[in-house]
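Peer 1: Before we start, here is the structure in question, set down as structure tokens.
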Amino acid sequence: MKGRSVFQRMAAAPHIVWAVMFIVAPMLFVIYFAFTDEKGVFSWSNFASLAQYSNVFILSIAFALIATVICLLIGYPLAYFMSKAKPKTQKVLLVLLMLPMWCNLLIRTYALMALLDNGGLLNSLLESLGLGKLHIVGTNFGVILGMVYDFLPYMVLPIFTTMTKLDRRYIEASADLGCNSFQTMTKVVFPLTVSGIISGITMVFVPSISTFYISQKLGAGKIDLVGDTIERLFQNPSTYNVGAAISLIMMILIIVSVGIMNRFSDNDGGIIV
Amino acid sequence: MEKKKLIELKSVTKSFDGEAVLRSIDLDIHDSEFVTLLGPSGCGKTTTLRIIGGFESPDSGDVFFGGERINDIPPHKRHVNTVFQRYALFPHLNVFENIAFGLRVKKPDCPKPSKEEIVERVTEMLTLVNLRGFERRNISTLSGGQQQRVAIARALINKPKVLLLDEPLGALDLKLRKDMQRELKSIQKRTGITFIYVTHDQEEALTMSDVVVVMADGKIQQIGTPVDIYNEPENAFVADFIGESNIIDGVMEKDYTVRFSGHTFNCLDAGFDPREPVDVVIRPEDVDIVPLERAMLTGKVTSITFKGDYYEIITDVYGFKWMIETSDAVEDGATVGLHIEPDAIHVMKKSEYSGRYGDYSTYSEEAEHLSDVEEEEVTAE
Amino acid sequence: MKILSKSYIFIIFALLYAPIVLLIVFSFNEAGSLNEFTGFSGVWYKELFNDEEAFNALKNSLILAVSSSLIATVIGTFGALGLHHMRKKYIKGAVNSVTNIPMMNPDIVTGVSMMLLFVAVAGFLHTQSFLGFWTMLVAHVTFNLPYVLLSVMPRFNQLDRSLSEAALDLGCTPSQAFFKVELPQIVPGIVSGLMLGFTMSLDDFVISHFVSSPDFQTLPLYVYNQTAHNVKFSMYALCALIVAIILAVLLIVNFAGSPKKKGAAKR
């Protein structure tokens with residue numbers, strides 16, 4: 001009230017020490033490893049050798065972008081329709097949406113693979129109908145499908161949240177001022193849910209660009225993304241340095257793209273997590 | 001009958017971030033009085049209350065309670081309880097537990113009350129504030145008026161010698177506010193507890209108080225009964241703040257004679273230097289409209305507003321706009337004669353507030369509400 | 001319009017659930033094949049329950065989740081208290097942003113950064129790599145911290161100062177006022193931070209993958225290793241069980257008439 005007690009002043013100390021030791025220091029080590037060779041001598045060589053990974057980067061960015069756009073195209077109408085449902089239905093739908101999110105990513109990916117695999121259920125079904133096999137696992141399409149399947153709920157949830165918070169009177173006002181429902185959608189609903197869209201995009205894009213389990217399973221190990229590359233490089237101490245350099249580049253890439261996206265969102269609403 | 005002094009403030013000063021909020025306050029508060037600290041936002045009334053409650057300590061000066069200096073006594077050791085602005089009811093406790101809170105807190109000097117005793121005391125309090133049957137209700141389900149009652153009951157359960165009320169009715173609508181004013185006054189009379197009441201609403205202050213303390217700019221402008229304050233304002237600020245008034249520059253010709261608006265009037269005031277410049281205050285209801293031949297002043301009517309039981313007429317006299325309240329209808333644009341009885345004229349010494357209130361002036365409650373937000377931010381820091 | 005929106009919702013949710021439902025159904029398939037359903041059987045569950053490694057992994061997961069969420073909650077709650085009383089805005093902002101790094105960063109970066117720290121410290125001490133329970137605990141506490149702060153900090157910021165003044169006014173000492181009035185209002189935030197940390201820790205695979213050793217496996221790591229090569233139907237059974245448990249928890253939390261419905265947003 002009048003002054004702060006010693007206790008209040010020191011309360012954050014363990015937190016700050018922890019954050020410095022286990023958040024800041026690890027980041028510094030990433031930078032350190034990225035700029036040194038195996039013997040710990042300063043070197044640019046890690047970045048020089050990155051050229052051979054440029055295809056991996058391009059592929060990862062492309063996959064993550066495509067998956068994000070598909071999630072948005074599927075997810076936005078879903079969130080919109082869900083927000084129009086009766087409150088009771090909304091609650092049920094929300095639980096249905098959350099369930100896959102709370103399930104481990106490994107389980108979801110594994111389940112999808114069981115369905116789509118060459119010896120999987122879909123193909124047995126197609127074969128018994130005499131339609132021949134559909135090769136999805138091991139293709140680019142399979143990996144993107146995996147990303148969309150795994151991360152769609154993360155797109156829907158923040159958009160749905162901003163939509164339910166949307167004041168109904170805005171929509172009524174827009175109708176009152178002569179907008180038809182399409183105009184209301186584009187001129188009122190969409191701009192007011194931008195913050196939800198931004199956090200949805202972030203929540204799909206970031207895990208998509210850094211995944212390795214999805215490409216391992218649904219790419220059948222044939223498709224190499226940045227995540228796979230990092231994971232592989234960190235299996236062997238001699239390639240830690242290159243791995244650190246790639247991680248650093250990816251981190252910067254994500255910080256920059258998330259930063260740019262947040263510029264479009266004029267408020268800090270929605271779920272940033 | 002000389003009443004017992006309960007609280008004394010002696011040359012109390014306080015400033016926040018270098019900005020003086022209280023500039024040497026001297027105030028005596030007597031037993032069983034209903035005292036109102038009245039003033040606009042930022043006048044220091046809430047700070048004065050918080051110093052008495054123990055939530056702020058004065059930069060200099062002393063606070064005495066029953067003759068004992070209490071500057072350094074923390075709030076929980078003072079025999080004073082507070083009804084907070086916006087009530088500050090505990091959201092995690094129900095009505096009963098909120099009211100019982102003060103009883104349940106362990107006190108080193110007296111034994112913990114028994115369960116029966118607590119129920120009895122809480123019930124007594126609920127009866128006092130007319131809230132029987134609300135014991136188990138959640139705070140968030142109560143209306144503003146009901147929350148107000150719970151806050152009063154909670155503050156009174158420890159039988160304080162003094163109850164501090166910080167704009168307790170500010171959040172209520174007009175009708176409810178009037179009812180609560182009456183009820184607060186009756187609670188004060190029944191319990192005999194000294195109430196120190198902070199408000200910016202002059203009407204509230206006049207209706208409820210035994211003593212009104214008018215404050216402005218961190219200083220006490222006047223202390224007195226509501227009648228004194230209204231009829232004998234100390235300076236232009238008080239005259240303006242309390243009720244509606246016409247405040248005019250005048251010159252005291254000699255005792256019992258004052259000259260303003262180009263006319264010499266008889267009055268009841270004396271003790272000024274000859275030819276001393278003064279402020280003259282005349283209440284709108286004390287100006288009579290008379291035929292021109294009997295007029296002391298003449299003016300041109302510029303606006304008429306029907307107010308139900310009277311008309312509010314604005315009349316231009318030599319460029320100064322007078323406000324007149326009368327039941328006589330006049331025509332807009334007409335020239336009318338004004339007549340003022342000697343006992344309607346109140347002469348005040350010139351002060352730093354002289355000349356601030358051009359034409360007739362009224363204190364605007366709406367503007368006060370608008371500026372309230374700022375004051376809360378200031379006191380919150 | 002109504003029909004369109006209803007069928008759209010239905011189709012998307014059907015697609016979302018198809019793999020999960022099929023996984024559950026085929027976990028009961030006697031044949032151990034995805035090609036045909038030969039008969040209802042609990043044989044894969046039996047195999048799972050006889051799998052000591054799976055139980056060990058579950059036990060490890062629970063130990064790690066409980067301990068890491070508790071530690072993170074204690075550190076984070078005191079951290080929030082300290083930050084709340086901190087006057088220097090820029091330090092407050094800096095600590096907040098740094099704490100949020102593990103939440104913003106892709107898990108793989110957090111994972112490799114922690115791994116590099118542990119590797120470097122091991123190299124500095126000239127010891128063998130010491131990855132295992134302790135490194136996983138440190139990592140889990142670290143990525144739980146932002147969630148604790150996110151749940152507790154707003155509670156501190158929402159505290160109305162006049163409430164604690166009211167408590168002082170009614171005779172509480174400052175410490176009584178804290179425990180009787182302020183703490184009860186912060187507790188829901190602490191509880192949700194704890195729950196959030198617990199589930200994040202149970203769920204984590206990527207970060208654990210980089211800071212673990214074969215001696216200490218959690219359930220997600222176990223699933224990862226088991227599914228690395230061939231299809232194992234006991235894993236179907238495990239996944240089905242996990243889904244069932246999560247469904248039960250979600251239903252209880254959302255529909256069992258609990259007065260608080262603080263749906264903690266999950267990543």
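Order determines the names: the first chain of the structure tokens is A, the second B, and so forth; residues in each chain are numbered 1 upward, and ligands are numbered 1 upward as they are shown.
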With a distance cut-off of 7 Å and only C-alpha atoms, select the neighbouring residues of range 277-284 of chain B, excluding the residue or stretch itself and same-chain residues fewer than 3 positions from it, and output the selection as an MDAnalysis selection string.
Peer 2: chainID B and resid 236 239 244:252 287 323:325 344:350 354
Peer 1: Can you write out the residues you just picked, keeping N, CA and C atoms, as a PDB file, in the first residue's frame?
Peer 2:
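Produced file part.pdb, reproduced below:
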ATOM      1  N   ALA B 236     -17.170  33.778  -2.550  1.00  0.00           N
ATOM      2  CA  ALA B 236     -17.855  33.554  -3.821  1.00  0.00           C
ATOM      3  C   ALA B 236     -17.895  32.077  -4.187  1.00  0.00           C
ATOM      4  N   ALA B 239     -20.717  30.434  -2.209  1.00  0.00           N
ATOM      5  CA  ALA B 239     -21.993  30.931  -2.717  1.00  0.00           C
ATOM      6  C   ALA B 239     -22.342  30.275  -4.041  1.00  0.00           C
ATOM      7  N   GLU B 244     -27.967  28.039  -6.327  1.00  0.00           N
ATOM      8  CA  GLU B 244     -27.753  28.918  -7.455  1.00  0.00           C
ATOM      9  C   GLU B 244     -27.694  30.337  -6.935  1.00  0.00           C
ATOM     10  N   SER B 245     -26.905  31.160  -7.598  1.00  0.00           N
ATOM     11  CA  SER B 245     -26.716  32.482  -7.010  1.00  0.00           C
ATOM     12  C   SER B 245     -26.322  33.494  -8.068  1.00  0.00           C
ATOM     13  N   ASN B 246     -26.637  34.735  -7.749  1.00  0.00           N
ATOM     14  CA  ASN B 246     -26.134  35.851  -8.528  1.00  0.00           C
ATOM     15  C   ASN B 246     -25.041  36.498  -7.688  1.00  0.00           C
ATOM     16  N   ILE B 247     -23.822  36.494  -8.214  1.00  0.00           N
ATOM     17  CA  ILE B 247     -22.711  37.061  -7.447  1.00  0.00           C
ATOM     18  C   ILE B 247     -22.239  38.317  -8.180  1.00  0.00           C
ATOM     19  N   ILE B 248     -22.332  39.442  -7.509  1.00  0.00           N
ATOM     20  CA  ILE B 248     -22.127  40.728  -8.169  1.00  0.00           C
ATOM     21  C   ILE B 248     -21.057  41.508  -7.423  1.00  0.00           C
ATOM     22  N   ASP B 249     -20.238  42.210  -8.173  1.00  0.00           N
ATOM     23  CA  ASP B 249     -19.250  43.121  -7.575  1.00  0.00           C
ATOM     24  C   ASP B 249     -19.986  44.290  -6.931  1.00  0.00           C
ATOM     25  N   GLY B 250     -19.572  44.609  -5.729  1.00  0.00           N
ATOM     26  CA  GLY B 250     -20.205  45.752  -5.079  1.00  0.00           C
ATOM     27  C   GLY B 250     -19.204  46.519  -4.243  1.00  0.00           C
ATOM     28  N   VAL B 251     -19.655  47.621  -3.684  1.00  0.00           N
ATOM     29  CA  VAL B 251     -18.804  48.414  -2.793  1.00  0.00           C
ATOM     30  C   VAL B 251     -19.601  48.687  -1.527  1.00  0.00           C
ATOM     31  N   MET B 252     -18.959  48.456  -0.377  1.00  0.00           N
ATOM     32  CA  MET B 252     -19.605  48.709   0.898  1.00  0.00           C
ATOM     33  C   MET B 252     -19.488  50.206   1.180  1.00  0.00           C
ATOM     34  N   VAL B 287     -35.186  37.501  -5.390  1.00  0.00           N
ATOM     35  CA  VAL B 287     -35.383  38.687  -6.217  1.00  0.00           C
ATOM     36  C   VAL B 287     -36.863  38.739  -6.613  1.00  0.00           C
ATOM     37  N   MET B 323     -30.227  35.615 -12.537  1.00  0.00           N
ATOM     38  CA  MET B 323     -31.195  34.534 -12.538  1.00  0.00           C
ATOM     39  C   MET B 323     -32.230  34.823 -11.467  1.00  0.00           C
ATOM     40  N   ILE B 324     -33.487  34.712 -11.868  1.00  0.00           N
ATOM     41  CA  ILE B 324     -34.586  35.002 -10.945  1.00  0.00           C
ATOM     42  C   ILE B 324     -35.538  33.820 -10.952  1.00  0.00           C
ATOM     43  N   GLU B 325     -35.919  33.383  -9.768  1.00  0.00           N
ATOM     44  CA  GLU B 325     -36.927  32.330  -9.698  1.00  0.00           C
ATOM     45  C   GLU B 325     -38.189  32.925  -9.117  1.00  0.00           C
ATOM     46  N   ALA B 344     -32.247  39.847   1.933  1.00  0.00           N
ATOM     47  CA  ALA B 344     -31.901  38.939   0.843  1.00  0.00           C
ATOM     48  C   ALA B 344     -30.483  39.190   0.347  1.00  0.00           C
ATOM     49  N   ILE B 345     -29.894  40.281   0.830  1.00  0.00           N
ATOM     50  CA  ILE B 345     -28.556  40.639   0.358  1.00  0.00           C
ATOM     51  C   ILE B 345     -27.521  40.114   1.337  1.00  0.00           C
ATOM     52  N   HIS B 346     -26.556  39.372   0.794  1.00  0.00           N
ATOM     53  CA  HIS B 346     -25.476  38.887   1.652  1.00  0.00           C
ATOM     54  C   HIS B 346     -24.154  39.404   1.106  1.00  0.00           C
ATOM     55  N   VAL B 347     -23.401  40.093   1.948  1.00  0.00           N
ATOM     56  CA  VAL B 347     -22.153  40.700   1.510  1.00  0.00           C
ATOM     57  C   VAL B 347     -20.977  39.843   1.980  1.00  0.00           C
ATOM     58  N   MET B 348     -20.042  39.562   1.042  1.00  0.00           N
ATOM     59  CA  MET B 348     -18.893  38.723   1.381  1.00  0.00           C
ATOM     60  C   MET B 348     -17.604  39.483   1.104  1.00  0.00           C
ATOM     61  N   LYS B 349     -16.562  39.143   1.881  1.00  0.00           N
ATOM     62  CA  LYS B 349     -15.239  39.690   1.615  1.00  0.00           C
ATOM     63  C   LYS B 349     -14.770  39.215   0.240  1.00  0.00           C
ATOM     64  N   LYS B 350     -13.958  40.045  -0.408  1.00  0.00           N
ATOM     65  CA  LYS B 350     -13.333  39.620  -1.662  1.00  0.00           C
ATOM     66  C   LYS B 350     -12.390  38.441  -1.368  1.00  0.00           C
ATOM     67  N   SER B 354     -13.206  35.617  -6.227  1.00  0.00           N
ATOM     68  CA  SER B 354     -14.023  36.716  -6.738  1.00  0.00           C
ATOM     69  C   SER B 354     -13.870  36.836  -8.241  1.00  0.00           C
TER      70      SER B 354
END
Peer 1: Show which residues sit within 8 Å of Phe26 in chain C, as a list in words. Count only C-alpha atoms, and ignore same-chain residues fewer than 5 positions away.
Peer 2: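 Surrounding residues, per the criterion: Gly32, Ser33, Leu34, Phe37 and Tyr236 of chain C.
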Peer 1: For a quick check of understanding, using only C-alpha atoms, which of B:Asp269, B:Asp17, B:Glu56, B:Glu276 has the smallest distance to chain C?
Peer 2: B:Glu56
Peer 1: Select, as a ChimeraX atom specification, those residues of chain B with any atom no more than 10 Å from chain C (distances computed using only C-alpha atoms).
Peer 2: /B:53-55,74-93,99-107,151,154-158,160,380
Peer 1: Output C-alpha atoms of each residue in that selection to a file, as a PDB file, in the first residue's frame.
Peer 2:
ATOM      1  CA  GLY B  53      -9.373   6.086   7.817  1.00  0.00           C
ATOM      2  CA  GLY B  54      -5.622   5.470   7.897  1.00  0.00           C
ATOM      3  CA  PHE B  55      -5.165   4.699   4.209  1.00  0.00           C
ATOM      4  CA  PRO B  74      -2.620   1.475  10.817  1.00  0.00           C
ATOM      5  CA  PRO B  75      -6.223   1.252   9.595  1.00  0.00           C
ATOM      6  CA  HIS B  76      -6.984  -2.062  11.244  1.00  0.00           C
ATOM      7  CA  LYS B  77      -6.264  -0.625  14.666  1.00  0.00           C
ATOM      8  CA  ARG B  78      -8.531   2.420  14.301  1.00  0.00           C
ATOM      9  CA  HIS B  79     -12.079   2.568  15.657  1.00  0.00           C
ATOM     10  CA  VAL B  80     -13.223   3.818  12.331  1.00  0.00           C
ATOM     11  CA  ASN B  81     -14.932   1.953   9.519  1.00  0.00           C
ATOM     12  CA  THR B  82     -15.499   2.875   5.937  1.00  0.00           C
ATOM     13  CA  VAL B  83     -18.190   2.515   3.322  1.00  0.00           C
ATOM     14  CA  PHE B  84     -16.143   2.551   0.153  1.00  0.00           C
ATOM     15  CA  GLN B  85     -16.849   4.188  -3.128  1.00  0.00           C
ATOM     16  CA  ARG B  86     -18.451   1.456  -5.227  1.00  0.00           C
ATOM     17  CA  TYR B  87     -18.744  -0.552  -2.007  1.00  0.00           C
ATOM     18  CA  ALA B  88     -15.681  -2.876  -2.334  1.00  0.00           C
ATOM     19  CA  LEU B  89     -17.752  -5.875  -1.259  1.00  0.00           C
ATOM     20  CA  PHE B  90     -15.800  -9.125  -1.262  1.00  0.00           C
ATOM     21  CA  PRO B  91     -16.908 -10.991  -4.383  1.00  0.00           C
ATOM     22  CA  HIS B  92     -15.930 -14.395  -3.022  1.00  0.00           C
ATOM     23  CA  LEU B  93     -18.177 -14.110   0.039  1.00  0.00           C
ATOM     24  CA  ILE B  99     -21.183  -8.547   6.930  1.00  0.00           C
ATOM     25  CA  ALA B 100     -19.668 -11.027   9.383  1.00  0.00           C
ATOM     26  CA  PHE B 101     -16.167 -10.366   8.056  1.00  0.00           C
ATOM     27  CA  GLY B 102     -15.276  -7.761  10.654  1.00  0.00           C
ATOM     28  CA  LEU B 103     -16.426 -10.039  13.479  1.00  0.00           C
ATOM     29  CA  ARG B 104     -14.527 -13.046  12.241  1.00  0.00           C
ATOM     30  CA  VAL B 105     -11.203 -11.254  12.014  1.00  0.00           C
ATOM     31  CA  LYS B 106      -9.145 -12.194  15.034  1.00  0.00           C
ATOM     32  CA  LYS B 107      -8.477  -9.360  17.366  1.00  0.00           C
ATOM     33  CA  ALA B 151     -21.619  -2.199   2.576  1.00  0.00           C
ATOM     34  CA  ARG B 154     -20.511  -4.556   6.986  1.00  0.00           C
ATOM     35  CA  ALA B 155     -18.970  -1.294   8.111  1.00  0.00           C
ATOM     36  CA  LEU B 156     -21.248  -0.923  11.126  1.00  0.00           C
ATOM     37  CA  ILE B 157     -20.928  -4.425  12.571  1.00  0.00           C
ATOM     38  CA  ASN B 158     -17.791  -3.611  14.533  1.00  0.00           C
ATOM     39  CA  PRO B 160     -17.174   1.907  15.090  1.00  0.00           C
ATOM     40  CA  ALA B 380      -5.931   5.238  -7.286  1.00  0.00           C
TER      41      ALA B 380
END
Peer 1: What's around range 89-104 of chain C at 8 Å? Count only C-alpha atoms, leave out sequence neighbours fewer than 2 positions away in its own chain, and write the answer as an MDAnalysis selection string.
Peer 2: (chainID A and resid 16 19 23:24 273) or (chainID C and resid 83 86:87 106:107 110 142:143 145:146)
Peer 1: Write out as a PDB file with C-alpha atoms, in the first residue's frame the residues lying within 12 Å of Gly243 in chain B, counting only C-alpha atoms and excluding same-chain residues fewer than 3 positions away.
Peer 2:
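Wrote it out as part_20.pdb, contents follow:
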ATOM      1  CA  ASP B 201     -23.656  16.739  -4.409  1.00  0.00           C
ATOM      2  CA  GLN B 202     -24.567  19.961  -2.574  1.00  0.00           C
ATOM      3  CA  GLU B 203     -28.215  19.040  -2.278  1.00  0.00           C
ATOM      4  CA  GLU B 204     -27.278  15.775  -0.596  1.00  0.00           C
ATOM      5  CA  ALA B 205     -25.006  17.650   1.785  1.00  0.00           C
ATOM      6  CA  LEU B 206     -27.692  20.177   2.725  1.00  0.00           C
ATOM      7  CA  PRO B 226     -26.528  23.748   6.133  1.00  0.00           C
ATOM      8  CA  VAL B 227     -28.578  26.877   6.823  1.00  0.00           C
ATOM      9  CA  ILE B 229     -23.696  27.691   4.546  1.00  0.00           C
ATOM     10  CA  TYR B 230     -26.613  28.525   2.317  1.00  0.00           C
ATOM     11  CA  ASN B 231     -27.574  31.851   3.788  1.00  0.00           C
ATOM     12  CA  PRO B 233     -21.632  31.871   2.392  1.00  0.00           C
ATOM     13  CA  ALA B 236     -17.855  33.554  -3.821  1.00  0.00           C
ATOM     14  CA  PHE B 237     -16.851  29.913  -4.145  1.00  0.00           C
ATOM     15  CA  VAL B 238     -19.216  28.728  -1.442  1.00  0.00           C
ATOM     16  CA  ALA B 239     -21.993  30.931  -2.717  1.00  0.00           C
ATOM     17  CA  ASP B 240     -21.583  29.535  -6.173  1.00  0.00           C
ATOM     18  CA  ASN B 246     -26.134  35.851  -8.528  1.00  0.00           C
ATOM     19  CA  ILE B 247     -22.711  37.061  -7.447  1.00  0.00           C
ATOM     20  CA  VAL B 281     -24.657  37.321  -3.321  1.00  0.00           C
ATOM     21  CA  ILE B 282     -28.370  37.248  -3.965  1.00  0.00           C
ATOM     22  CA  ARG B 283     -30.272  33.987  -4.344  1.00  0.00           C
ATOM     23  CA  PRO B 284     -32.559  33.776  -7.392  1.00  0.00           C
ATOM     24  CA  GLU B 285     -35.652  33.167  -5.275  1.00  0.00           C
ATOM     25  CA  MET B 323     -31.195  34.534 -12.538  1.00  0.00           C
ATOM     26  CA  TYR B 360     -25.524  33.977 -12.624  1.00  0.00           C
ATOM     27  CA  SER B 361     -23.787  30.736 -11.952  1.00  0.00           C
ATOM     28  CA  THR B 362     -24.778  27.229 -11.190  1.00  0.00           C
ATOM     29  CA  TYR B 363     -22.641  24.348 -10.210  1.00  0.00           C
ATOM     30  CA  SER B 364     -22.887  21.732 -12.926  1.00  0.00           C
ATOM     31  CA  GLU B 365     -23.343  18.247 -11.660  1.00  0.00           C
TER      32      GLU B 365
END
Peer 1: What does the distance between CA of Ile187 in chain B and CA of Val214 in chain B come to in Å, to one decimal place?
Peer 2: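 It comes out at 23.5 Å.
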Peer 1: Mind listing the alpha helix (DSSP H) residues of range 91-216 of chain C, per DSSP on the backbone, as an MDAnalysis selection string?
Peer 2: chainID C and resid 91:104 107:124 133:158 161:169 174:177 183:203 206:211
Peer 1: Find the spatial neighbours of Ile51 in chain B, counting only C-alpha atoms, within a cut-off of 10 Å - ignore same-chain residues fewer than 4 positions away - and output them as a VMD selection string.
Peer 2: chain B and resid 9 12 14 45 to 47 55 to 58 63 70 to 71 75
Peer 1: Set the distance at 12 Å and use only C-alpha atoms: which residues neighbour Arg69 in chain B once local chain neighbours fewer than 5 positions away are removed? I'd like the list as a VMD selection string.
Peer 2: chain B and resid 6 to 10 52 61 to 64 78
Peer 1: Write the residues of the selection above to a file with N, CA and C atoms, as a tab-separated table (two decimals), in the first residue's frame.
Peer 2:
chain	number	residue	atom	x	y	z
B	6	LEU	N	-14.23	14.58	18.86
B	6	LEU	CA	-13.86	13.19	18.62
B	6	LEU	C	-12.60	13.09	17.75
B	7	ILE	N	-12.64	13.85	16.65
B	7	ILE	CA	-11.50	13.82	15.74
B	7	ILE	C	-11.01	15.24	15.52
B	8	GLU	N	-9.71	15.41	15.57
B	8	GLU	CA	-9.14	16.72	15.27
B	8	GLU	C	-8.07	16.58	14.20
B	9	LEU	N	-8.15	17.40	13.19
B	9	LEU	CA	-7.07	17.49	12.22
B	9	LEU	C	-6.38	18.83	12.43
B	10	LYS	N	-5.03	18.78	12.58
B	10	LYS	CA	-4.31	20.02	12.83
B	10	LYS	C	-3.27	20.25	11.75
B	52	ILE	N	-8.21	10.10	7.68
B	52	ILE	CA	-8.90	9.72	8.91
B	52	ILE	C	-9.01	8.20	8.99
B	61	GLY	N	1.51	17.81	9.93
B	61	GLY	CA	0.31	18.01	10.68
B	61	GLY	C	-0.05	16.76	11.45
B	62	ASP	N	-1.08	16.85	12.31
B	62	ASP	CA	-1.42	15.74	13.18
B	62	ASP	C	-2.89	15.40	13.09
B	63	VAL	N	-3.17	14.13	13.33
B	63	VAL	CA	-4.55	13.67	13.42
B	63	VAL	C	-4.75	13.13	14.82
B	64	PHE	N	-5.79	13.61	15.50
B	64	PHE	CA	-6.09	13.12	16.85
B	64	PHE	C	-7.42	12.43	16.86
B	78	ARG	N	-7.75	1.21	14.02
B	78	ARG	CA	-8.53	2.42	14.30
B	78	ARG	C	-10.00	2.06	14.52
Peer 1: Go through C:Val109, C:Val74, C:Met153, C:Val141 and flag the residue nearest chain A, using only C-alpha atoms for the distances.
Peer 2: C:Val109
